[in-house]
Amino acid sequence: MASDLTNQILDALSASDAPILSSDAFPSTPSLNVKSALDRLDSRQMVEYETLEKEIVTLTAEGQEIAANGSHEAKVFAVVLAAMDGLKISDLPGIVGKENAKVGQGNAFKRGWIKKDKDLLRASADSIVDETQQQLLAVQKTKTLEDKKVLADLKRRKLIGLAKEINFKITKGPKYAREFVKEQTDLTPEMIANGSWKTAHLKPYNFNAKGAPTPSGTLHPLNKVRQEFRNIFFDMGFEEMPTNRFVETGFWNFDALFVPQQHPARDLQDTFYISDPAVADGPREDPPNDPHRPAQLKSEKPLDYKKYWDNVREVHEHGKFGSIGYRYPWSADESLRLVLRTHTTSISTYMLHKLAANPRPARFFSIDRVFRNESVDATHLAEFHQVEGVIADFGLTLGGLIGFMEVFFAKMGIHKLRFKPAYNPYTEPSMEIFGYHDGLGKWVEIGNSGMFRPEMLEAMGLPKDLRVYGWGLSLERPTMIKYAVSNIRELLGHKVDLNFIETNPAVRLEKD
Amino acid sequence: MPTISVDKAALFKELGREYTTEEFDELCFEFGIELDEDTTNSDRPIVDGKQEPPQLKIEIPANRYDLLCFEGIALMLNIFLGRNPLPEYKLTQPAQMERIIVKEDTTKIRPYVAGAILRNIKFDPARYASFIALQDKLHQNLARQRTLVSIGTHDLDTVKGPFTYEALPPKDIKFAPLNQTQEMDGEELMNFYEKHQQLGKYLHIIRDSPVYPVIYDSNRTVCSLPPIINGDRSKISLNTTNVLIEITALDKTKLDIVNKMMVTMFSQYTLEPFTIEPVQIVSEHNKETRVTPDIAPRTAQAEVSYINQCCGLSLSPAEICTLLTKMAFRAKPSTTSPDIINVEIPPTRADVLHQCDIMEDVAIAYGFNSLPRAFPDISGTVAQPLPINKLSDIVRVETAMAGWSEVLPLILCSHDENFGWLNRKDDGNTAVKLANPKTLEFQVVRTSLLPGLLKTIRENKHHSVPMKIFEVSDVAFKDLSLERKSRNERHFAAAFYGKTSGFEVVHGLLDRIMAMLKTNFLAEGETPTGDSYYIKELDDPTYFPGHSASIHVIIGGKDQVIGSFGILHPTVLEKYELKYPVSTLELNVEAFM
């Protein structure tokens with residue numbers, strides 16, 4: 001038993017302070033067993049040991065046979081010598097065995113021990129020295145072989161092999177004792193109750209291993225990033241918008257945003273249209289019992305939805321509010337088609353329109369799912385999360401939008417920004433936001449921003465001098481860049497690895 | 001956004017200097033276009049034994065049709081850099097103006113037409129290629145794959161005006177189309193091009209119409225069959241010197257824009273640069289008789305105070321006018337009002353609709369990144385979460401604290417996953433269905449969170465068991481009483497997958513969540529005090545018989561069913577390819593609002 005071995009080792013050391021070798025003291029114990037006993041003693045500082053590794057020469061099964069009974073050729077010589085009148089060649093295998101006969105006969109000829117006389121073999125010496133056997137016997141004893149040529153020869157003949165021998169040089173440790181005291185595995189209530197803890201030996205703790213895994217639930221990594229974004233918005237005075245509405249009308253998703261009806265974004269290739277239910281109603285007041293209606297807007301005066309609809313039509317078709325418009329025949333049917341929202345800006349539009357009842361400064365945000373009829377690949381899914389912010393105030397400037405973005409993105413650890421003029425049907429000016437990514441060593445597009453167009457805002461009935469910033473980014477993209485996830489399907493959807501969800505660290509955007 | 005490929009050496013020659021890739025990228029960035037790729041160090045294709053010279057691939061904003069060709073990019077960058085003024089485009093006054101006479105029948109298929117002539121134009125291979133490419137880009141983008149507008153270009157010397165624009169039955173139109181020798185009628189032509197790689201996709205625009213639009217010259221030579229193909233007779237080549245451009249359309253505004261782009265971009269190659277010969281359109285039936293193209297700049301007014309306010313600058317009217325010159329405008333301070341500048345918007349700038357577009361160009365010319373930065377003052381707004389999200393977060397965090405892992409499957413799923421695989425029937429009044437999904441994976445908006453949870457387990461079989469997962473998110477239902485004919489509903493669902501059924505485990509999770517939502521368990525016969533819940537055995541084919549329950553809550557005195565839980569029926573497991581038993585819980589959290 002292994003525990004016996006620990007005491008045997010302590011015994012073996014007791015005689016003197018001189019080191020002992022495990023190969024001497026425990027020649028037949030497997031080195032793994034010796035090591036585990038030594039480790040146990042070593043961790044308690046009862047012994048110290050050093051591992052000695054040595055290359056040794058071992059005999060193969062055939063080598064052992066030759067060491068014991070002589071080489072094939074010696075066996076052949078012996079039987080030939082014994083047959084006084086010569087030995088019939090054909091009788092040899094029957095006497096010494098097929099293998100011995102084949103190899104031994106040839107070697108015995110080569111060494112001049114026997115000769116051929118017609119069909120007989122005759123001895124040509126009275127006695128011989130079986131060198132092979134002697135070499136192997138020496139190897140068996142010393143486990144070494146100095147002569148490189150012989151070593152190579154025996155190896156080629158598959159009589160010997162090379163192996164590693166592990167040996168331990170063991171000395172007494174600072175806490176050496178004659179006996180290995182039984183240890184407690186843990187501190188128990190009984191030990192505390194009966195006081196035995198005072199004398200108990202506790203098994204030393206392995207400080208190199210991990211603790212027991214703690215069973216834990218977890219939140220999804222993407223939702224953890226979402227929460228960080230939400231906190232940033234809350235820090236900056238934003239109200240969360242009621243984005244719990246996947247189905248939108250062409251009106252709210254496009255027309256009200258001054259997206260013309262022939263815009264490519266409205267193609268079947270890009271937008272999911274709804275077949276059932278088929279047609280929406282025109283814009284109208286929310287039902288009074290809608291639990292999701294923004295609280296602070298509930299008391300506002302009613303809005304003129306008919307006027308809003310007409311304004312939108314006119315600004316597209318003929319121009320209005322200082323705009324020449326897109327000048328095309330605007331279709332009410334197109335506006336009443338139902339779509340899966342392609343952006344949460346449809347909800348921003350809804351909120352800004354509500355604001356027209358009492359125009360005032362406001363800050364809105366949302367982080368929610370949007371839908372695009374995309375072909376799925378490593379960076380595109382038909383669904384992703386859009387982060388969106390809106391600031392409405394009087395006298396806002398473009399420099400203010402830039403200044404706000406610097407503070408906003410600094411909160412998520414992005415400190416170097418630059419802005420590129422861009423095009424977006426509902427914002428003018430439009431700016432693409434680029435952030436410098438230190439890890440990638442390049443500028444990365446991190447979002448889109450702009451000031452909503454007067455055609456969109458004034459159609460709602462908002463005053464001309466109330467300006468509105470809007471900006472958006474996807475939740476997935478910065479998450480993928482931050483955490484080096486290369487495939488969006490590893491982050492969102494049912495193919496995400498549960499182990500990834502469970503081991504993903506807490507998210508600290510400003511730090512990671 | 002369209003991407004335009006231009007010859008790098010030729011562009012830098014036009015811009016009067018060499019740029020490193022970084023320098024050119026910077027210039028593009030400031031101007032608002034994006035250098036996608038410089039192919040100098042890439043493997044470039046070998047065409048006719050010669051390697052393509054280095055190209056710059058430039059992404060163009062979708063509303064800048066004047067940047068869709070080499071000529072436009074070079075011109076606008078040169079103006080931006082202050083190297084060139086905006087050219088003055090002029091219409092010539094020919095002794096005898098070419099005419100296109102429009103027949104009334106065209107209103108049945110493609111009512112509008114316009115024309116222009118580039119006289120004494122000198123093509124070379126690069127110009128010619130660019131001329132063809134611009135038509136292609138306009139067809140793809142603004143013209144929405146030729147549906148709204150299509151362009152035909154002809155060697156004017158091979159045909160003879162006046163031209164007529166007519167709409168005729170396909171059988172009555174006979175001609176040899178471009179690069180064909182054999183004549184065919186309209187129907188034959190449709191069959192001939194049915195499988196054609198480029199043209200096949202345009203046939204549908206007119207194919208089923210009883211009449212096809214067609215342009216004839218005075219000798220009844222077919223010039224073109226818009227929006228499909230031109231006639232072979234009038235085809236242009238490198239050696240063509242007089243080009244007739246005819247454009248047909250459904251949309252008048254876009255027709256005008258396309259005409260302006262074609263002539264402003266290529267009139268620089270005529271004998272007297274930037275001159276265009278107009279074409280008279282005779283179209284009495286719809287009062288569209290006019291001379292085309294109309295290249296006169298549009299005059300608009302912009303307010304100095306508005307521009308300065310939006311940009312956060314205090315520029316003088318003169319300074320604003322100087323900045324606008326860089327963006328191809330001619331602007332002058334008004335002589336009558338100090339707050340007004342008069343802006344001439346050139347025919348190239350079809351994107352300008354409102355003074356906000358002029359304001360943006362002032363900001364671009366000034367440099368977005370040079371604008372004075374400020375943090376917008378907080379006008380006393382109050383931060384607050386959406387109530388349903390706040391409630392959801394309570395459920396999410398409590399469930400995670402109870403040892404469950406949150407997952408985030410997709411909202412769209414197949415019809416089978418949502419109904420049949422759960423042994424549920426579609427009554428036609430429940431789910432929102434998609435009209436045009438690209439795959440069967442996305443047929444309906446889920447009405448239950450279960451498909452996503454079960455698919456997540458299916459994809460995670462390598463994970464140790466038991467698996468305990470949950471989601472709090474929206475499903476959607478048809479609701480014809482609402483403007484959008486549907487509504488979202490916030491659900492909470494959890495699934496247990498393991499070697500035991502986990503029925504009691506999900507039951508325990510329900511109890512825990514109810515406790516955290518301050519909802520008391522109501523034992524049979526007890527009178528409810530405060531908000532409470534109870535469960536009742538349920539007969540539901542989604543679940544294993546006798547092992548499912550409906551969840552009832554009494555909130556504010558109102559008793560309602562909010563969900564159910566149970567051991568899933570083995571036929572459900574089979575559909576979702578699950579080997580071990582699964583218990584699930586799903587409920588509507590909106591009752592707790």
# chains A, B, ... in the order shown; residues from 1 in each chain; ligands from 1
$ interface_residues --of "chain B" --to "chain A" --cutoff "6 Å" --atoms "only C-alpha atoms" --output "PyMOL selection string"
chain B and resi 29+32+61+310-312+353-354+360+371-376+381-386+400-401+403-410+432-435+455-456+459+483-484+488
$ select_by_dssp --residues "region 93-273 of chain B" --states "alpha helix (DSSP H)" --output "VMD selection string"
chain B and resid 125 to 140 186 to 193 252 to 266
$ residues_around --residues "Leu121 (chain A)" --least-positions-apart "5" --cutoff "10 Å" --atoms "only C-alpha atoms" --output "MDAnalysis selection string"
chainID A and resid 76:77 79:81 83 85:90 92 105 109 114:116
$ atom_distance --atom1 "CA of Gly525 (chain B)" --atom2 "CA of Asp559 (chain B)"
15.0 Å
$ residues_around --residues "Val263 (chain B)" --least-positions-apart "3" --cutoff "9 Å" --atoms "only C-alpha atoms" --output "JSON, numbers by chain"
{"B": [116, 117, 118, 245, 258, 259, 260, 266, 267, 268, 274, 275, 276, 293, 295]}
$ residues_around --residues "Leu59 (chain A)" --least-positions-apart "5" --cutoff "8 Å" --atoms "only C-alpha atoms" --output "MDAnalysis selection string"
chainID A and resid 64 136 139:140 159:161
$ residues_around --residues "region 549-555 of chain B" --least-positions-apart "3" --cutoff "9 Å" --atoms "only C-alpha atoms" --output "list in words"
Thr519, Pro528, Gly530, Asp531, Ser532, Tyr533, Tyr534, Ile535, Lys536, Glu537, Leu538, Asp539, Asp540, Gly546, Lys558, Asp559, Gln560, Val561, Ile562, Gly563, Ser564, Phe565, Gly566, Leu587, Ala591 and Phe592 of chain B
$ write_last_selection --atoms "N, CA and C atoms" --output "compact mmCIF listing (two decimals), in the first residue's frame"
# COMPACT_ATOMS: atom_id res chain seq x y z
N THR B 519 -45.32 37.81 -4.97
CA THR B 519 -46.59 37.19 -5.32
C THR B 519 -46.67 35.88 -4.51
N PRO B 528 -57.09 34.74 -1.28
CA PRO B 528 -55.88 35.50 -1.63
C PRO B 528 -55.74 36.76 -0.78
N GLY B 530 -53.28 40.03 -1.04
CA GLY B 530 -52.29 40.65 -1.93
C GLY B 530 -52.21 39.88 -3.23
N ASP B 531 -51.15 40.15 -4.00
CA ASP B 531 -50.97 39.43 -5.26
C ASP B 531 -50.61 37.98 -4.97
N SER B 532 -51.22 37.08 -5.72
CA SER B 532 -50.93 35.68 -5.45
C SER B 532 -50.98 34.86 -6.73
N TYR B 533 -50.49 33.62 -6.63
CA TYR B 533 -50.52 32.74 -7.80
C TYR B 533 -50.87 31.33 -7.37
N TYR B 534 -51.40 30.57 -8.30
CA TYR B 534 -51.62 29.15 -8.07
C TYR B 534 -51.45 28.43 -9.39
N ILE B 535 -51.28 27.10 -9.33
CA ILE B 535 -51.12 26.34 -10.56
C ILE B 535 -52.18 25.25 -10.62
N LYS B 536 -52.49 24.86 -11.87
CA LYS B 536 -53.53 23.85 -12.07
C LYS B 536 -53.05 22.87 -13.11
N GLU B 537 -53.35 21.59 -12.92
CA GLU B 537 -52.96 20.61 -13.92
C GLU B 537 -53.54 21.02 -15.27
N LEU B 538 -52.72 20.80 -16.32
CA LEU B 538 -53.07 21.32 -17.63
C LEU B 538 -53.03 20.18 -18.65
N ASP B 539 -53.99 20.21 -19.57
CA ASP B 539 -53.97 19.23 -20.66
C ASP B 539 -53.50 19.97 -21.90
N ASP B 540 -52.25 19.78 -22.27
CA ASP B 540 -51.65 20.54 -23.37
C ASP B 540 -50.71 19.60 -24.12
N GLY B 546 -50.31 14.68 -17.87
CA GLY B 546 -50.30 14.64 -16.40
C GLY B 546 -49.12 15.35 -15.77
N LYS B 558 -57.62 40.60 -10.18
CA LYS B 558 -57.89 40.01 -11.49
C LYS B 558 -57.18 38.67 -11.60
N ASP B 559 -57.96 37.64 -11.89
CA ASP B 559 -57.42 36.29 -12.01
C ASP B 559 -57.12 36.00 -13.47
N GLN B 560 -55.89 35.71 -13.80
CA GLN B 560 -55.56 35.44 -15.21
C GLN B 560 -54.48 34.38 -15.35
N VAL B 561 -54.54 33.68 -16.49
CA VAL B 561 -53.49 32.68 -16.79
C VAL B 561 -52.35 33.42 -17.46
N ILE B 562 -51.12 33.22 -16.96
CA ILE B 562 -50.00 33.94 -17.57
C ILE B 562 -48.99 33.00 -18.23
N GLY B 563 -49.20 31.69 -18.08
CA GLY B 563 -48.24 30.80 -18.73
C GLY B 563 -48.42 29.38 -18.26
N SER B 564 -47.41 28.56 -18.55
CA SER B 564 -47.50 27.15 -18.17
C SER B 564 -46.10 26.59 -18.00
N PHE B 565 -46.04 25.42 -17.37
CA PHE B 565 -44.77 24.70 -17.30
C PHE B 565 -45.04 23.22 -17.29
N GLY B 566 -44.02 22.43 -17.60
CA GLY B 566 -44.23 20.99 -17.60
C GLY B 566 -43.08 20.26 -18.26
N LEU B 587 -43.83 32.20 -19.23
CA LEU B 587 -44.93 33.05 -18.76
C LEU B 587 -44.77 34.47 -19.28
N ALA B 591 -48.03 40.94 -16.85
CA ALA B 591 -49.04 40.98 -15.79
C ALA B 591 -48.49 41.65 -14.53
N PHE B 592 -47.16 41.67 -14.38
CA PHE B 592 -46.56 42.22 -13.15
C PHE B 592 -46.18 43.69 -13.29
